[in-house]
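Input: a single structure, listed below in structure tokens.
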Amino acid sequence: MPHLGRKVPGIVRYVVNLAPDLSGNGRELPYDGFAEAWFESLEAMRASAASPELQTVLADEENLFDRSPRFSVIVEEHVIVG
């Protein structure tokens, strides 16, 4: 099944970063990872917020995640190496 995020208008890249248990002790972390959603511009990101496609994605998150610790950060990338 294709990921619902592919249908969000204006999105050009979507990455899920999962946090592995590097300690090997099986202890549950307060987070599983984080997701990155990339847009061509801030305007494109803002426009996508009102789309029914994004609302579908957000509604589906409740089936997958505990959203109580969720927060969003909007950043501008500055590549130092690479």
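Every chain in the structure tokens has a letter given in the order shown (A, B, ...), and although residue numbers restart at 1 in each chain, ligands are simply numbered from 1 in the order shown.
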### Task
Extract, using only C-alpha atoms, all DNA, RNA and protein residues at most 10 Å from Glu76 (chain A), discarding same-chain residues fewer than 2 positions from it, and format them as JSON, numbers by chain.
{"A": [41, 42, 74, 78, 79]}
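All residues of chain A that DSSP, run on the backbone, classes as strand (DSSP E or B) are Ile11, Val12, Arg13, Tyr14, Val15, Val16, Asn17, Leu18, Gly33, Phe34, Ala35, Glu36, Ala37, Trp38 and Phe39 of chain A.
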Selected residues written out, N, CA, C and O atoms, as a short mmCIF file (atom, residue, chain, number, x, y, z; two decimals), in the first residue's frame:
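New file part-v9.cif:
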```
data_model
loop_
_atom_site.label_atom_id
_atom_site.label_comp_id
_atom_site.auth_asym_id
_atom_site.auth_seq_id
_atom_site.Cartn_x
_atom_site.Cartn_y
_atom_site.Cartn_z
N ILE A 11 4.46 18.28 -1.26
CA ILE A 11 5.54 17.56 -0.58
C ILE A 11 6.52 17.03 -1.63
O ILE A 11 6.11 16.51 -2.66
N VAL A 12 7.81 17.24 -1.40
CA VAL A 12 8.82 16.79 -2.36
C VAL A 12 9.71 15.69 -1.79
O VAL A 12 10.41 15.02 -2.53
N ARG A 13 9.68 15.54 -0.47
CA ARG A 13 10.49 14.50 0.18
C ARG A 13 9.86 14.20 1.54
O ARG A 13 9.45 15.11 2.25
N TYR A 14 9.81 12.91 1.88
CA TYR A 14 9.28 12.50 3.17
C TYR A 14 10.17 11.38 3.67
O TYR A 14 10.36 10.38 2.98
N VAL A 15 10.76 11.56 4.84
CA VAL A 15 11.70 10.61 5.40
C VAL A 15 11.28 10.24 6.81
O VAL A 15 10.97 11.13 7.61
N VAL A 16 11.27 8.96 7.12
CA VAL A 16 11.02 8.49 8.48
C VAL A 16 12.35 8.00 9.04
O VAL A 16 13.02 7.16 8.42
N ASN A 17 12.76 8.56 10.17
CA ASN A 17 14.02 8.21 10.82
C ASN A 17 13.70 7.43 12.10
O ASN A 17 13.19 8.01 13.06
N LEU A 18 13.95 6.13 12.10
CA LEU A 18 13.65 5.29 13.25
C LEU A 18 14.87 5.21 14.16
O LEU A 18 16.00 5.11 13.69
N GLY A 33 11.43 7.70 16.93
CA GLY A 33 12.15 8.33 15.84
C GLY A 33 11.47 9.63 15.49
O GLY A 33 10.73 10.20 16.29
N PHE A 34 11.74 10.10 14.28
CA PHE A 34 11.09 11.32 13.82
C PHE A 34 10.93 11.29 12.31
O PHE A 34 11.57 10.50 11.62
N ALA A 35 10.05 12.12 11.83
CA ALA A 35 9.78 12.18 10.39
C ALA A 35 10.16 13.56 9.86
O ALA A 35 10.05 14.56 10.57
N GLU A 36 10.61 13.58 8.62
CA GLU A 36 10.92 14.83 7.92
C GLU A 36 10.00 14.96 6.72
O GLU A 36 9.88 14.03 5.93
N ALA A 37 9.36 16.08 6.59
CA ALA A 37 8.54 16.38 5.41
C ALA A 37 9.17 17.60 4.74
O ALA A 37 9.32 18.64 5.37
N TRP A 38 9.56 17.46 3.49
CA TRP A 38 10.25 18.52 2.75
C TRP A 38 9.30 19.14 1.73
O TRP A 38 8.57 18.44 1.04
N PHE A 39 9.36 20.45 1.63
CA PHE A 39 8.55 21.21 0.67
C PHE A 39 9.47 22.16 -0.09
O PHE A 39 10.53 22.53 0.39
#
```
### Query
Taking only C-alpha atoms into account, which of A:Arg70, A:Val81, A:Pro20, A:Val8 comes nearest Ala49 (chain A)?
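Once distances to Ala49 (chain A) are computed over only C-alpha atoms, the minimum belongs to A:Val8.
Picture a line from CA of Asp32 (chain A) to CA of Asp66 (chain A); it runs 10.2 Å.
The space between CA of Glu62 (chain A) and CA of Pro9 (chain A) spans 20.9 Å.
Of the listed residues (A:Ala44, A:Ser23, A:Glu28, A:His3), A:His3 comes nearest to Glu61 (chain A); the distances count only C-alpha atoms.
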### Message
Given only C-alpha atoms as the basis, pick out the residue of A:Ala59, A:Tyr31, A:Asp21, A:Gly26 nearest to Phe71 (chain A).
### Response
A:Tyr31
### Task
Quick one: pull the distance between CA of Arg67 (chain A) and CA of Pro30 (chain A), Å, one decimal.
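So the two atoms, CA of Arg67 (chain A) and CA of Pro30 (chain A), lie 11.8 Å apart.
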### Message
Please extract the residues of region 15-60 of chain A with a backbone DSSP assignment of helix (DSSP H, G or I) and present them as a ChimeraX atom specification.
### Response
/A:42-49,52-60
Saved selection, atoms kept: all heavy atoms, as a compact mmCIF listing (two decimals), in the first residue's frame:
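Saved file out04.txt follows:
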```
# COMPACT_ATOMS: atom_id res chain seq x y z
N LEU A 42 8.20 27.58 2.03
CA LEU A 42 7.34 27.76 3.20
C LEU A 42 5.89 27.94 2.77
O LEU A 42 4.97 27.41 3.40
CB LEU A 42 7.82 28.97 4.00
CG LEU A 42 7.17 29.22 5.35
CD1 LEU A 42 7.30 28.02 6.26
CD2 LEU A 42 7.78 30.45 6.00
N GLU A 43 5.69 28.62 1.66
CA GLU A 43 4.34 28.83 1.13
C GLU A 43 3.70 27.50 0.73
O GLU A 43 2.52 27.27 0.98
CB GLU A 43 4.35 29.79 -0.06
CG GLU A 43 4.76 31.21 0.29
CD GLU A 43 6.27 31.40 0.50
OE1 GLU A 43 7.08 30.57 0.01
OE2 GLU A 43 6.63 32.37 1.19
N ALA A 44 4.48 26.62 0.11
CA ALA A 44 3.96 25.31 -0.29
C ALA A 44 3.59 24.49 0.95
O ALA A 44 2.58 23.78 0.96
CB ALA A 44 4.98 24.56 -1.14
N MET A 45 4.41 24.59 2.00
CA MET A 45 4.11 23.87 3.24
C MET A 45 2.81 24.39 3.86
O MET A 45 1.95 23.61 4.26
CB MET A 45 5.25 24.04 4.24
CG MET A 45 5.01 23.27 5.52
SD MET A 45 6.10 23.79 6.86
CE MET A 45 5.45 25.42 7.20
N ARG A 46 2.68 25.69 3.90
CA ARG A 46 1.46 26.29 4.48
C ARG A 46 0.23 25.91 3.67
O ARG A 46 -0.84 25.63 4.22
CB ARG A 46 1.61 27.80 4.56
CG ARG A 46 2.56 28.22 5.66
CD ARG A 46 2.63 29.70 5.80
NE ARG A 46 3.45 30.07 6.94
CZ ARG A 46 4.23 31.12 6.99
NH1 ARG A 46 4.30 31.95 5.95
NH2 ARG A 46 4.94 31.38 8.07
N ALA A 47 0.35 25.90 2.36
CA ALA A 47 -0.79 25.54 1.51
C ALA A 47 -1.19 24.08 1.74
O ALA A 47 -2.38 23.75 1.73
CB ALA A 47 -0.45 25.78 0.04
N SER A 48 -0.23 23.21 1.96
CA SER A 48 -0.55 21.80 2.17
C SER A 48 -1.32 21.57 3.47
O SER A 48 -2.07 20.60 3.58
CB SER A 48 0.72 20.95 2.16
OG SER A 48 1.40 21.07 3.40
N ALA A 49 -1.16 22.47 4.42
CA ALA A 49 -1.81 22.31 5.73
C ALA A 49 -3.33 22.28 5.62
O ALA A 49 -4.00 21.67 6.44
CB ALA A 49 -1.36 23.41 6.67
N PRO A 52 -7.12 18.29 2.08
CA PRO A 52 -7.77 17.10 2.62
C PRO A 52 -6.81 15.91 2.71
O PRO A 52 -6.94 15.06 3.58
CB PRO A 52 -8.93 16.82 1.66
CG PRO A 52 -8.70 17.68 0.47
CD PRO A 52 -7.74 18.76 0.86
N GLU A 53 -5.81 15.87 1.83
CA GLU A 53 -4.83 14.79 1.85
C GLU A 53 -4.03 14.81 3.15
O GLU A 53 -3.78 13.76 3.75
CB GLU A 53 -3.88 14.88 0.64
CG GLU A 53 -4.56 14.65 -0.68
CD GLU A 53 -5.15 15.91 -1.31
OE1 GLU A 53 -5.19 16.98 -0.65
OE2 GLU A 53 -5.58 15.83 -2.47
N LEU A 54 -3.62 16.00 3.59
CA LEU A 54 -2.87 16.09 4.85
C LEU A 54 -3.78 15.74 6.03
O LEU A 54 -3.35 15.07 6.97
CB LEU A 54 -2.26 17.47 5.05
CG LEU A 54 -1.42 17.59 6.34
CD1 LEU A 54 -0.27 16.61 6.34
CD2 LEU A 54 -0.94 18.99 6.54
N GLN A 55 -5.02 16.14 5.98
CA GLN A 55 -5.95 15.80 7.06
C GLN A 55 -6.12 14.27 7.16
O GLN A 55 -6.22 13.73 8.26
CB GLN A 55 -7.30 16.49 6.84
CG GLN A 55 -7.22 18.00 6.84
CD GLN A 55 -6.41 18.57 8.01
OE1 GLN A 55 -6.64 18.24 9.15
NE2 GLN A 55 -5.46 19.43 7.70
N THR A 56 -6.10 13.58 6.03
CA THR A 56 -6.18 12.12 6.03
C THR A 56 -4.95 11.52 6.69
O THR A 56 -5.04 10.58 7.49
CB THR A 56 -6.32 11.59 4.59
OG1 THR A 56 -7.52 12.11 4.02
CG2 THR A 56 -6.35 10.07 4.54
N VAL A 57 -3.77 12.05 6.37
CA VAL A 57 -2.53 11.58 6.98
C VAL A 57 -2.58 11.78 8.50
O VAL A 57 -2.26 10.87 9.27
CB VAL A 57 -1.30 12.29 6.38
CG1 VAL A 57 -0.05 11.99 7.18
CG2 VAL A 57 -1.11 11.89 4.92
N LEU A 58 -2.97 12.96 8.94
CA LEU A 58 -3.00 13.26 10.37
C LEU A 58 -4.01 12.37 11.10
O LEU A 58 -3.73 11.91 12.21
CB LEU A 58 -3.30 14.74 10.59
CG LEU A 58 -2.24 15.71 10.08
CD1 LEU A 58 -2.69 17.15 10.28
CD2 LEU A 58 -0.89 15.46 10.73
N ALA A 59 -5.14 12.12 10.49
CA ALA A 59 -6.13 11.24 11.11
C ALA A 59 -5.59 9.81 11.23
O ALA A 59 -5.82 9.13 12.23
CB ALA A 59 -7.43 11.26 10.31
N ASP A 60 -4.85 9.36 10.21
CA ASP A 60 -4.30 8.01 10.22
C ASP A 60 -3.20 7.86 11.27
O ASP A 60 -2.98 6.76 11.79
CB ASP A 60 -3.75 7.65 8.84
CG ASP A 60 -3.32 6.20 8.75
OD1 ASP A 60 -4.14 5.32 9.08
OD2 ASP A 60 -2.16 5.95 8.37
```
